[in-house]
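Asks: Pasting in a structure now, in structure tokens, and then I'll have a few things to ask.
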Amino acid sequence: MKTQISSEPIASQDSAWARLKSIQAPWAWSFVGTVLVWFGIVGVFGFGIASNVAQTALTYGVFMVLVGLGQMLVITSGVGNIDLSVPSTIALAGVIGMHVMRSSNGYIALGVAAVLGVGVVVGVANYMLIRLLRIPPIIATLSSSFIIQSIAITQGRQLPPPPPALGAFATGRVAGVPYIALLALALSIALAVLLHRAVYGRRLSAIGQNARAAWLAGVNVHRTRCLAYVLSSMIASLTALLLAAISGGASLDMGVEYMLISIAVVVIGGTLVTGGKATIVGVWGASMFLFLTNAALNAVGADAGVRSIVYGVLIISVTVAAGGKVLR
Amino acid sequence: ATGDTSQKKIALSNSFAGNAWRQSMLKSWNAVSQQAVADKKVAAAPAFTTAENQVTEQAQQIQNLILQGYNAIVIDAVSPTALNGTIKKACAAGVVVVSFDGVVDEPCAYRVNFDFKGWAEQGVDYLATRLNGKGNILEVRGVAGISVDNLMHEGVLEGLKKHPGMKLVGSVNGDWTQSVAQKAVAGILPTLPQVDGVATEGEMSFGIAQAFKAANRPAPPMIIGSTYPELQWWSEQTKAGYQSRSLSNPPGAVSFAFWVAQQVLAGKKIPKEVTINVPLLAISQQELPAKLAAIPPGGIADVTYTLPQTVALLDKK
Amino acid sequence: MGATSSQEDSRALIRFEGIGKTFGRVRALTDIDFAFLPGECVGIAGHNGAGKSTLMSVLAGVYAPTQGRIEVDGHDAPHYDANAARNAGVRCVFQELSLCANLTVAENMTVVHPHLHGRGWRRKATALMREKLDEIFPDHGLKGGELVSDLTLTQQQMVEIARAFTVTDTPVRLVILDEPTSSLDAHTAEQLLAFVRRAAAERGITCLLITHMLGEIERVADRVMVMRDGGIVGVLPRAQSSRASIIQAMGQHLEADKSPAAARARNARSDQAHFRWNVGVKKHTVIEASRGEIVGFAGLAGQGQTEALLSIYDAATRHGAARTKVAFVAGDRGRDGVFPVWSIAQNLDLRWLLGGAKRKRGLVDFAAARELVEAWRAKIGIRGASMNAGILSLSGGNQQKVLFARALACDAELILMDDPTRGVDVGTKRDIYQLVHEEAAKGRTFIWYTTENEELSHCDRTYVFRSAAVTRVLHADECTEEALLAASFEDQAA
Amino acid sequence: MTFANTQARLRAMLPAISLVAVLVPIAIMQPTVMSYFGSSLLLNLAVPIVLATLAQLAIITVNDLDLSIGPFVSLVACIGATLLVKQPWLGALALAGCVLAYAAVGALIELRQIPSIVVTLGLSFVWSGLAIVLLPSPGGTSPEWLGTAMGYQTPLIAAPIVWSVLIAIVGHLLLMRSSAGVRVRGAGGNPRAMRRFGWSLVRSKATLYGVAGVFGVLSGLSLLGLTTSADANLALRYTLLSIAAVILGGGEFIGGRVSVVGAVLGAITLTLAASFLAFLNISADWQVGMQGAILIVVLSLRVLLQRGERR
Ligand SMILES: Nc1ncnc2c1ncn2[C@@H]1O[C@H](COP(=O)(O)OP(=O)(O)OP(=O)(O)O)[C@@H](O)[C@H]1O
Ligand SMILES: Nc1ncnc2c1ncn2[C@@H]1O[C@H](COP(=O)(O)OP(=O)(O)OP(=O)(O)O)[C@@H](O)[C@H]1O
Ligand SMILES: [Mg+2]
Ligand SMILES: [Mg+2]
């Protein structure tokens with residue numbers, strides 16, 4: 001992947017061995033898993049459905065990618081940083097977005113702006129809890145998620161459906177590729193540039209590795225970390241809009257399943273949980289892997305318990321296989 | 001019964017507030033309880049909600065309500081069995097416990113509920129009539145491990161037993177959430193042969209329909225829920241000749257549970273052994289336009305019960 | 001005692017034969033032969049990355065050597081690991097501290113003494129630790145119940161040293177001290193050295209002392225092992241272990257031009273101090289500096305110098321009148337300096353990216369970054385790895401050079417240095433001093449905290465700290481060893 | 001030195017101060033909670049939370065995080081409500097197997113150097129799945145002896161308080177006072193040093209994860225004793241609750257700094273904080289939000305105190 005290599009500014013002198021080692025990156029495992037599961041499905045159900053499976057994975061796995069990208073930024077900003085408010089942010093943003101857009105195509109732009117505004121507010125509020133009250137992020141974002149949930153509840157009655165144009169965008173595709181997948185791809189590329197080509201990426205990585213050292217090296221720790229939280233919430237908000245669009249309306253519980261999933265895809269994708277190293281490609285690989293695994297388990301008729309067990313064992317296996325990615 | 005309950009306090013212990021159904025239920029509770037307080041029927045009737053839909057949380061909440069001296073507690077329980085210990089404590093403290101929707105096993109509590117199993121069975125029967133008893137069925141279930149889900153699943157199996165020509169070709173969990181159901185169905189559809197009917201557990205039909213549409217398959221017959229987007233979609237499909245019916249558990253039935261609690265406090269004898277079934281809300285193809293016009297966008301088709309209606313229903317049984 | 005001879009070999013405590021160690025592609029040690037004799041004190045000197053710490057890690061059983069054999073008491077020890085080393089009586093004070101910060105001083109004893117358990121172990125551990133601390137550092141002021149994280153770096157170092165000499169079930173026969181004095185002040189370092197001599201002479205404990213302060217070796221060592229590039233290049237007997245001969249053996253030539261202070265006599269300095277900060281308790285202490293000046297912070301270690309630097313840094317980075325372009329050279333690399341995930345190059349150009357670099361449409365100019373890194377690599381002579389290798393593959397001293405380059409390779413006008421030559425070899429130190437003078441001449445201001453009094457001769461003015469306040473300001477010409485010591489021990493003037 | 005000592009003492013006092021800060025308003029609003037009956041009603045659900053918190057604490061000690069403790073407690077309750085009743089031996093065996101699995105996961109995490117967060121996340125799916133397979137719909141019954149044990153009426157002071165104190169003392173002796181406990185904590189404080197001195201980190205982690213498993217089992221069983229029946233989603237929220245309790249009790253995510261007594265107090269404080277709501281009259285819409293707000297207030301209390309101490 002291009003972004004990977006360019007993250008090493010002075011890659012030219014790399015020896016062949018070092019290249020080989022960088023190819024043996026942790027994110028590769030999730031792709032291997034994805035391909036295996038995909039072949040598994042195709043093997044069992046015939047080649048005819050191959051593209052169908054890939055398409056659904058692209059449509060619905062994309063939501064995992066999106067929330068994962070936001071979570072990735074937060075996790076990269078240092079050990080212990082996790083955003084658990086993703087589900088309630090999705091609920092609130094969906095609710096606000098639907099209200100602002102009033103089912104009318106003319107208000108879509110306004111709605112998008114409002115939703116992004118929700119993201120900014122939530123992100124800043126989360127970070128204020130962490131910084132001013134020094135509450136550990138995992139608890140701070142959990143607490144704030146309750147409050148956000150309450151606000152969403154008060155606003156969540158009698159929601160208008162999304163504007164038709166938005167719905168059409170969410171379900172439309174070009175050359176078999178869903179628009180929303182393209183949108184997620186564009187966002188991923190933008191983030192890749194931000195992380196690997198812009199100074200912000202270096203600042204984020206620095207505070208993720210050692211906040212004190214970063215501070216002493218001249219990084220504005222708070223601004224950098226705050227931006228990570230804000231971006232995470234903004235991406236979650238955007239996801240909310242797409243979710244509402246594709247499922248024909250916002251609901252309070254449409255984000256619930258993304259709390260743990262968003263963390264899972266980030267870490268399975270090879271981003272360091274201890275912070276300092278983000279892997280965008282990995283988020284894609286992991287999302288596709290998890291979505292396809294779930295679909296495959298549904299398809300073979302495994303019931304919920306078995307499905308959950310297999311799901312868990314797979315997550316652990318991928319992690320174990322990719323293991324040893326510590327620095328020493 | 002007409003005993004004086006004007007000094008009595010009734011609490012609602014609700015396990016979850018994060019979906020439209022529970023929201024409507026809370027709204028109905030507030031409406032009926034405020035009116036009752038104004039009419040001096042009860043002294044107070046606040047609603048309490050827990051944040052995480054968890055047994056331990058609700059158990060703690062009920063214990064606190066006992067401490068606060070409520071005379072009756074209406075419980076929408078997160079688990080039918082796991083609150084038993086706590087409810088026993090409540091009964092021992094002389095509190096009237098009425099469980100509703102999420103009902104509990106504990107014999108000392110009253111049970112007001114919907115016939116979930118029958119609902120699911122009716123759904124399959126309906127599919128059987130539409131499909132002439134033959135076809136591939138996809139089942140979309142609720143949240144795994146929840147008793148209602150199991151009841152409805154049993155109902156589906158029972159219904160299928162009656163119609164051997166219908167074959168269950170797949171089963172996914174849609175968590176009673178449109179977007180989750182949509183994702184789950186979309187994930188399994190490519191691996192399925194033609195799907196002739198969908199057995200759902202309510203409130204998910206719109207998401208399911210979206211998934212079929214995305215897979216370029218026609219929406220098969222299925223029972224529709226009662227939320228606005230579902231009814232709206234149904235009404236649109238009607239133009240293309242799609243026929244269906246709607247069956248749902250109205251959240252407003254909480255008012256029924258409220259009056260049951262009030263009546264028990266007033267001295268009415270109501271059997272605890274049997275579950276009192278509140279009728280499901282059915283909407284036929286003919287009724288659809290009128291019903292749809294009556295609910296606001298984003299709303300839900302609902303019924304609420306007044307005291308006389310409740311008493312009438314109770315006495316009929 | 002003289003150089004190794006066959007007769008002495010027979011009574012060797014531990015003998016290395018052809019020991020080699022590689023890390024991936026890095027050859028850290030090659031073909032080391034050495035016999036550690038009972039009761040001697042061996043000084044070990046060598047440039048940064050010479051392999052001193054690695055050799056000691058092999059001796060302590062942390063690394064298994066990739067080649068060669070180890071003999072303990074004349075017997076072959078094929079499975080020589082940490083436990084075998086402990087049973088052989090080997091103890092080690094590692095270069096990076098090895099205390100558990102979440103445990104108390106006494107609790108840290110259980111880590112090296114597996115036999116401390118059962119009823120009353122805590123009391124036993126406290127007594128042992130107190131006894132040893134009293135013996136080595138008579139005025140330590142520790143009780144044993146303090147959490148290590150509440151101690152200053154100096155106190156931690158003291159605890160770690162004392163712990164290495166405590167005895168329970170196995171006797172202590174050989175103690176490795178890897179740069180033990182790097183965070184000790186002159187006074188405690190003196191106490192330690194005196195103890196080391198006594199331990200070797202009176203109790204027959206073999207002491208291995210690694211240090212870049214060659215004067216210390218000169219004072220205590222019976223033999224000096226000089227290492228270069230992973231090999232032993234000479235073993236000097238006591239009679240020849242003068243500073244000059246060690247340096248000669250290391251292959252570094254230190255010209256005797258000790259005239260930087262004279263060079264500092266610049267005339268064109270404005271009387272007006274350009275910078276002024278209030279630091280310390282209640283902000284009572286005033287620190288001033290003008291452009292192009294090198295200001296020293298001195299005093300015993302841990303008297304608030306680092307805190308003063310941090311509060312200056314804090315003031316300089318905050319928005320407001322005092323905002324200055326500032327860079328910081330950390331002394332405690334692991335905690336304050338190094339980014340372990342990154343390559344050497346990324347570690348180096350970070351400060352430059354944040355200030356000084358020109359951006360191309362908001363993005364990093366990679367070509368310019370590469371040029372910068374190459375320029376600094378040549379300038380400070382980073383040895384041992386490609387610039388794209390991970391920073392942790394460098395030896396401690398070389399990591400320190402990278403941090404130095406990071407601070408200088410940017411637009412900072414004010415450079416704060418927190419004991420920046422900690423663990424840096426003599427040759428590199430000289431390069432660093434020269435660099436500091438050059439940059440100061442260009443108008444950069446330096447504030448330099450150091451635990452090595454010799455370095456203060458490079459400063460125009462020196463603030464001497466005691467109990468988080470300045471007791472004396474010495475100008476370059478008054479900055480003698482005696483004056484410093486006097487000021488360091490002076491009680492705070494009210 | 002006296003400064004450092006007062007600092008350490010204040011740090012240790014914080015959880016107790018938080019507890020008082022929550023307890024006082026509750027007692028004022030509802031004086032009955034101070035009675036034997038009231039306190040047992042208010043606190044009996046704290047016992048399983050306290051146990052789950054200690055399980056979490058064991059894992060936080062080695063700088064890991066356990067996202068699976070909630071599902072694990074649920075699974076234990078399900079095992080207890082099914083196997084343990086019908087085939088006690090099989091049930092006991094299953095519980096022992098669970099503890100071993102926990103220890104094995106600890107060893108695996110260290111051996112492969114993998115992040116505990118993901119592994120325990122995966123594990124949480126496994127536990128949930130097993131629980132659903134074992135008990136597809138809520139039900140089962142608690143073994144007789146368990147119900148009796150949890151219903152036992154202690155003289156004078158309500159049983160939950162007695163239990164909590166006992167648990168705190170045992171935990172404190174094990175982890176904070178014994179030399180083995182100290183060494184295991186050392187593995188959290190400076191793993192590199194421990195390895196250098198020849199200690200096996202794998203063994204330390206396996207031990208602590210095993211201990212977490214034991215506390216998880218105890219938590220599940222005590223919860224089952226209280227609820228008298230189980231369900232696969234019984235205790236999911238214990239995961240985050242236990243983390244919050246450890247933090248509130250003065251624990252830190254890295255560096256092996258934990259306090260058993262503090263964590264127990266933290267768990268009780270959080271249990272009480274949730275009860276706070278039932279005593280306030282807030283509109284249903286805002287009740288969920290209030291829980292968040294209370295959590296924030298309780299935790300920031302700790303931070304305000306700490307901040308005052310730092311300056
Ligand atoms: N004075 C300081 N001493 C040591 N480390 C510091 C100091 N200030 C900041 N840091 C480190 O840098 C990070 C961010 O620095 P910053 O000064 O912006 O934060 P802070 O100390 O939390 O600020 P404030 O005290 O204003 O809330 C901190 O997390 C901390 O690790
Ligand atoms: N864990 C490791 N992995 C890779 N290379 C290493 C490792 N440890 C040491 N090295 C390399 O081995 C060589 C010797 O390092 P060592 O730490 O022994 O040097 P040193 O003589 O102690 O230097 P200093 O005086 O700077 O502490 C260096 O080139 C270093 O880069
Ligand atoms: Mg070294
Ligand atoms: Mg020094």
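Letters A, B, ... mark the chains of the structure tokens in the order given; residue numbers begin at 1 per chain; ligand numbers begin at 1, in order shown.
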Quick one: contact table of chain C to ligand 4, 8 Å max, nearest atom pair and distance in Å to one decimal per residue, counting only C-alpha atoms and all ligand atoms, chain and number order, as a tab-separated table?

Replies:
```
residue	atom	partner	partner_atom_place_in_ligand_line	distance
C:Thr181	CA	ligand 4	1 (Mg)	7.0
C:Ser182	CA	ligand 4	1 (Mg)	4.1
C:Ser183	CA	ligand 4	1 (Mg)	5.6
C:Leu184	CA	ligand 4	1 (Mg)	7.4
C:Asp419	CA	ligand 4	1 (Mg)	6.2
C:Pro420	CA	ligand 4	1 (Mg)	7.9
C:Thr421	CA	ligand 4	1 (Mg)	6.2
C:Arg422	CA	ligand 4	1 (Mg)	4.3
C:Gly423	CA	ligand 4	1 (Mg)	6.7
C:Thr450	CA	ligand 4	1 (Mg)	6.6
C:Thr451	CA	ligand 4	1 (Mg)	4.9
C:Glu452	CA	ligand 4	1 (Mg)	5.7
```

Asks: Please find the residues of chain A near chain D - the criterion being any atom within 9 Å, counting only C-alpha atoms - and write them as a VMD selection string.

Replies: chain A and resid 79 to 80 129 132 to 136 138 to 140 142 to 151 153 to 154 260 263 to 264 267 to 268 272 to 274 303 to 317 319 to 326

Asks: Rounded to one decimal place, report the CA of Val266 in chain A-CA of Pro178 in chain A distance in Å.

Replies: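 Computing it gives 22.5 Å between the two atoms.
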
Asks: Please identify all polymer residues within 7 Å of range 367-384 of chain C, counting only C-alpha atoms, omitting same-chain residues fewer than 3 positions from it, and present them as a list in words.

Replies: Ile10 of chain A; Ala345, Leu348, Asp349, Leu394, Asn398, Lys401 and Ala405 of chain C

Asks: If we count only C-alpha atoms and set the cut-off at 9 Å, which residues sit around Ala114 in chain A, ignoring sequence neighbours fewer than 5 positions away in its own chain? Please answer as a compact mmCIF listing (two decimals) with N, CA and C atoms, in the first residue's frame.

Replies:
```txt
# COMPACT_ATOMS: atom_id res chain seq x y z
N ALA A 93 -26.38 12.38 16.09
CA ALA A 93 -26.16 13.00 14.78
C ALA A 93 -27.28 12.61 13.81
N ILE A 96 -30.43 14.64 14.79
CA ILE A 96 -30.32 16.06 14.41
C ILE A 96 -30.35 16.21 12.89
N GLY A 97 -29.60 15.32 12.24
CA GLY A 97 -29.55 15.41 10.78
C GLY A 97 -30.93 15.29 10.17
N VAL A 100 -32.96 18.46 10.76
CA VAL A 100 -32.52 19.62 9.98
C VAL A 100 -32.89 19.46 8.51
N ALA A 109 -27.33 19.93 2.36
CA ALA A 109 -26.06 20.57 2.71
C ALA A 109 -26.10 21.08 4.15
N GLY A 119 -20.68 16.57 15.57
CA GLY A 119 -19.42 15.87 15.79
C GLY A 119 -18.40 16.74 16.50
```

Asks: Do you have, as CSV, the list of residues of chain D lying at most 6 Å from chain C, each with its nearest atom pair and that distance in Å to one decimal, counting only C-alpha atoms and ordered by chain then number?

Replies:
```
residue,atom,partner,partner_atom,distance
D:Ser179,CA,C:His117,CA,5.4
D:Gly186,CA,C:Cys100,CA,5.6
D:Gly189,CA,C:Cys100,CA,4.8
D:Asn190,CA,C:Cys100,CA,4.9
D:Ala193,CA,C:Ser98,CA,4.8
D:Arg196,CA,C:Val62,CA,5.3
D:Phe197,CA,C:Ala82,CA,5.7
D:Gly198,CA,C:Ala82,CA,4.7
D:Arg257,CA,C:Asn102,CA,5.4
```

Asks: Could you give me the residues within 7 Å of ligand 1, counting only C-alpha atoms and all ligand atoms, as a PDB file with N, CA and C atoms, in the first residue's frame?

Replies:
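Written out: pocket.pdb:
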```pdb
ATOM      1  N   ARG A 131      -9.522  16.266  29.645  1.00  0.00           N
ATOM      2  CA  ARG A 131      -8.441  17.185  29.983  1.00  0.00           C
ATOM      3  C   ARG A 131      -8.724  17.946  31.273  1.00  0.00           C
ATOM      4  N   LEU A 132      -9.896  18.573  31.345  1.00  0.00           N
ATOM      5  CA  LEU A 132     -10.143  19.436  32.493  1.00  0.00           C
ATOM      6  C   LEU A 132     -10.419  18.624  33.746  1.00  0.00           C
ATOM      7  N   ALA A 211       3.544  11.131  25.459  1.00  0.00           N
ATOM      8  CA  ALA A 211       2.989  12.485  25.470  1.00  0.00           C
ATOM      9  C   ALA A 211       3.977  13.484  26.067  1.00  0.00           C
ATOM     10  N   ARG A 212       4.686  13.063  27.073  1.00  0.00           N
ATOM     11  CA  ARG A 212       5.616  13.984  27.726  1.00  0.00           C
ATOM     12  C   ARG A 212       6.769  14.342  26.798  1.00  0.00           C
ATOM     13  N   TRP A 215       5.549  16.669  24.203  1.00  0.00           N
ATOM     14  CA  TRP A 215       5.423  18.030  24.722  1.00  0.00           C
ATOM     15  C   TRP A 215       6.785  18.706  24.729  1.00  0.00           C
ATOM     16  N   ASN A 220       2.065  20.444  20.514  1.00  0.00           N
ATOM     17  CA  ASN A 220       0.964  20.882  21.359  1.00  0.00           C
ATOM     18  C   ASN A 220       0.066  19.671  21.626  1.00  0.00           C
ATOM     19  N   VAL A 221       0.331  19.049  22.762  1.00  0.00           N
ATOM     20  CA  VAL A 221      -0.305  17.763  23.055  1.00  0.00           C
ATOM     21  C   VAL A 221      -1.823  17.875  23.040  1.00  0.00           C
ATOM     22  N   HIS A 222      -2.322  18.896  23.715  1.00  0.00           N
ATOM     23  CA  HIS A 222      -3.769  18.972  23.878  1.00  0.00           C
ATOM     24  C   HIS A 222      -4.479  19.234  22.567  1.00  0.00           C
TER      25      HIS A 222
ATOM     26  N   LEU C 310      11.829  22.914  33.269  1.00  0.00           N
ATOM     27  CA  LEU C 310      10.481  22.621  32.777  1.00  0.00           C
ATOM     28  C   LEU C 310       9.576  23.839  32.903  1.00  0.00           C
ATOM     29  N   SER C 311       9.728  24.589  33.994  1.00  0.00           N
ATOM     30  CA  SER C 311       8.824  25.736  34.097  1.00  0.00           C
ATOM     31  C   SER C 311       9.225  26.833  33.119  1.00  0.00           C
ATOM     32  N   ASP C 314       7.720  25.578  29.996  1.00  0.00           N
ATOM     33  CA  ASP C 314       6.282  25.788  30.051  1.00  0.00           C
ATOM     34  C   ASP C 314       5.940  27.236  29.718  1.00  0.00           C
TER      35      ASP C 314
END
```

Asks: For ligand 3, list the contacting residues at 8 Å or closer, counting only C-alpha atoms and all ligand atoms, as a ChimeraX atom specification.

Replies: /C:48-49,51-54,95,178-179,395-397,423

Asks: Pick out the residues sitting within 12 Å of range 146-149 of chain B, and hand them over as a short mmCIF file (atom, residue, chain, number, x, y, z; two decimals) with C-alpha atoms, in the first residue's frame; count only C-alpha atoms, and ignore anything fewer than 5 positions along from it in its own chain.

Replies:
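Generated output (result_31.cif):
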```cif
data_model
loop_
_atom_site.label_atom_id
_atom_site.label_comp_id
_atom_site.auth_asym_id
_atom_site.auth_seq_id
_atom_site.Cartn_x
_atom_site.Cartn_y
_atom_site.Cartn_z
CA ALA A 304 -26.36 -16.88 17.56
CA ASN B 53 -30.54 -2.45 29.74
CA GLN B 54 -28.91 -4.73 32.24
CA VAL B 55 -30.28 -7.02 34.91
CA ALA B 77 -38.10 -6.32 32.83
CA VAL B 78 -34.84 -6.90 31.05
CA SER B 79 -34.95 -10.59 31.91
CA PRO B 80 -37.90 -12.83 32.76
CA THR B 81 -36.03 -14.73 35.43
CA ALA B 82 -33.02 -12.84 36.66
CA ASP B 101 -43.98 -6.54 28.05
CA GLY B 102 -40.79 -7.89 29.58
CA VAL B 103 -42.67 -10.13 32.01
CA VAL B 104 -41.14 -12.04 34.87
CA ASP B 105 -41.47 -15.59 36.13
CA ASN B 113 -48.22 -9.22 28.19
CA PHE B 114 -48.67 -9.79 24.51
CA ASP B 115 -48.98 -13.20 22.98
CA PHE B 116 -45.58 -13.20 21.31
CA LYS B 117 -45.64 -16.83 20.37
CA GLY B 118 -49.08 -16.57 18.85
CA TRP B 119 -47.99 -13.46 17.02
CA ALA B 120 -45.11 -15.28 15.36
CA GLU B 139 -36.34 -15.81 9.58
CA VAL B 140 -35.22 -12.48 11.04
CA ARG B 141 -34.94 -12.70 14.78
CA GLU B 154 -40.74 -21.05 18.95
CA GLY B 155 -43.86 -19.59 17.40
CA VAL B 156 -42.18 -19.57 14.01
CA VAL B 172 -30.32 -14.01 11.17
CA ASN B 173 -30.51 -11.73 14.17
CA GLY B 174 -31.80 -8.26 13.37
CA ASP B 175 -31.87 -7.04 16.98
CA TRP B 176 -35.27 -5.38 16.42
CA THR B 200 -39.93 -11.38 11.23
CA GLU B 201 -40.26 -10.47 14.85
CA GLY B 202 -41.74 -7.06 14.15
CA ASN B 249 -47.52 -4.89 20.16
CA ILE D 132 -26.15 -18.43 24.81
CA LEU D 135 -28.81 -21.07 28.18
CA PRO D 136 -30.56 -20.00 24.98
CA SER D 137 -33.28 -18.21 26.87
CA PRO D 138 -33.11 -16.74 30.36
CA GLY D 139 -33.81 -19.19 33.12
CA ALA D 230 -29.32 -16.49 34.96
CA ASP D 231 -29.31 -15.04 31.49
CA ALA D 232 -26.64 -14.67 28.87
CA ASN D 233 -26.65 -10.88 29.11
CA LEU D 234 -26.77 -10.81 32.86
#
```

Asks: Starting from chain B, keep only residues with some atom at most 8 Å from an atom of chain A, counting only C-alpha atoms, and report them as JSON, numbers by chain.

Replies: {"B": [17, 18, 19, 20, 23, 51, 144, 170, 171, 172, 173, 177, 178, 179, 180, 182, 183, 184, 186, 187, 188, 190, 191, 192, 206, 207, 210, 214, 215, 229, 296, 297, 298, 299]}

Asks: List the neighbours of Leu69 in chain A out to 12 Å using only C-alpha atoms; skip same-chain residues closer than 4 positions along the sequence, and give me the result as JSON, numbers by chain.

Replies: {"A": [62, 63, 64, 65, 73, 74, 75, 76, 83, 86, 184, 185, 187, 188, 189, 190, 191, 192, 195, 228, 229, 231, 232, 233, 234, 235, 236, 238, 239, 261, 262, 263, 264, 265, 266, 267, 269, 271, 278, 279, 280, 281, 282, 283, 284, 285, 286, 287]}

Asks: Show me which bits of chain C are within 9 Å of chain A, counting only C-alpha atoms, as a VMD selection string.

Replies: chain C and resid 310 313 317 326 to 330 333 to 343 345 to 346 350 to 351 353 to 355 359 362 to 367 369 to 370 386 to 389 392 to 393 406 to 407

Asks: Can you work out which one of D:Asn281, D:Val50, D:Arg192, D:Pro15 has the shortest atom-to-atom distance to ligand 2, counting only C-alpha atoms and all ligand atoms?

Replies: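 Ranking D:Asn281, D:Val50, D:Arg192, D:Pro15 by distance to ligand 2, first place goes to D:Arg192.
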
Asks: Given only C-alpha atoms as the basis, pick out the residue of B:Met152, B:Leu131, B:Leu189, B:Leu160 nearest to chain D.

Replies: B:Met152

Asks: List every residue of range 30-242 of chain A that DSSP, applied to the backbone, labels as strand (DSSP E or B), and write the result as a VMD selection string.

Replies: chain A and resid 173 to 174 177 to 178 198

Asks: For CA of Gly204 in chain C and CA of Pro38 in chain C, determine how far apart the two atoms are, in Å to one decimal place.

Replies: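 Pair CA of Gly204 in chain C / CA of Pro38 in chain C returns 5.8 Å.
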
Asks: Quick one: pick out all helix (DSSP H, G or I) residues within range 61-305 of chain A from a backbone DSSP run and write them as a PyMOL selection string.

Replies: chain A and resi 61-76+86-101+105-132+137-155+164-171+179-196+199-209+211-216+221-246+258-268+280-299+304-305

Asks: What's the 12 Å shell around range 25-38 of chain B, counting only C-alpha atoms, without same-chain residues fewer than 3 positions away, as number ranges by chain?

Replies: A: 153-154, 157; B: 5-22, 41-49, 74-76, 100-101, 249-259, 261-262, 299-307; D: 283-285

Asks: Record the distance separating CA of Ala194 in chain C and CA of Ile136 in chain C, expressed in Å with one decimal.

Replies: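 Interatomic distance, CA of Ala194 in chain C to CA of Ile136 in chain C: 8.4 Å.
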
Asks: Return the single residue from D:Ala212, D:Val165, D:Met29, D:Leu14 that is closest to chain B, with distances computed using only C-alpha atoms.

Replies: D:Met29
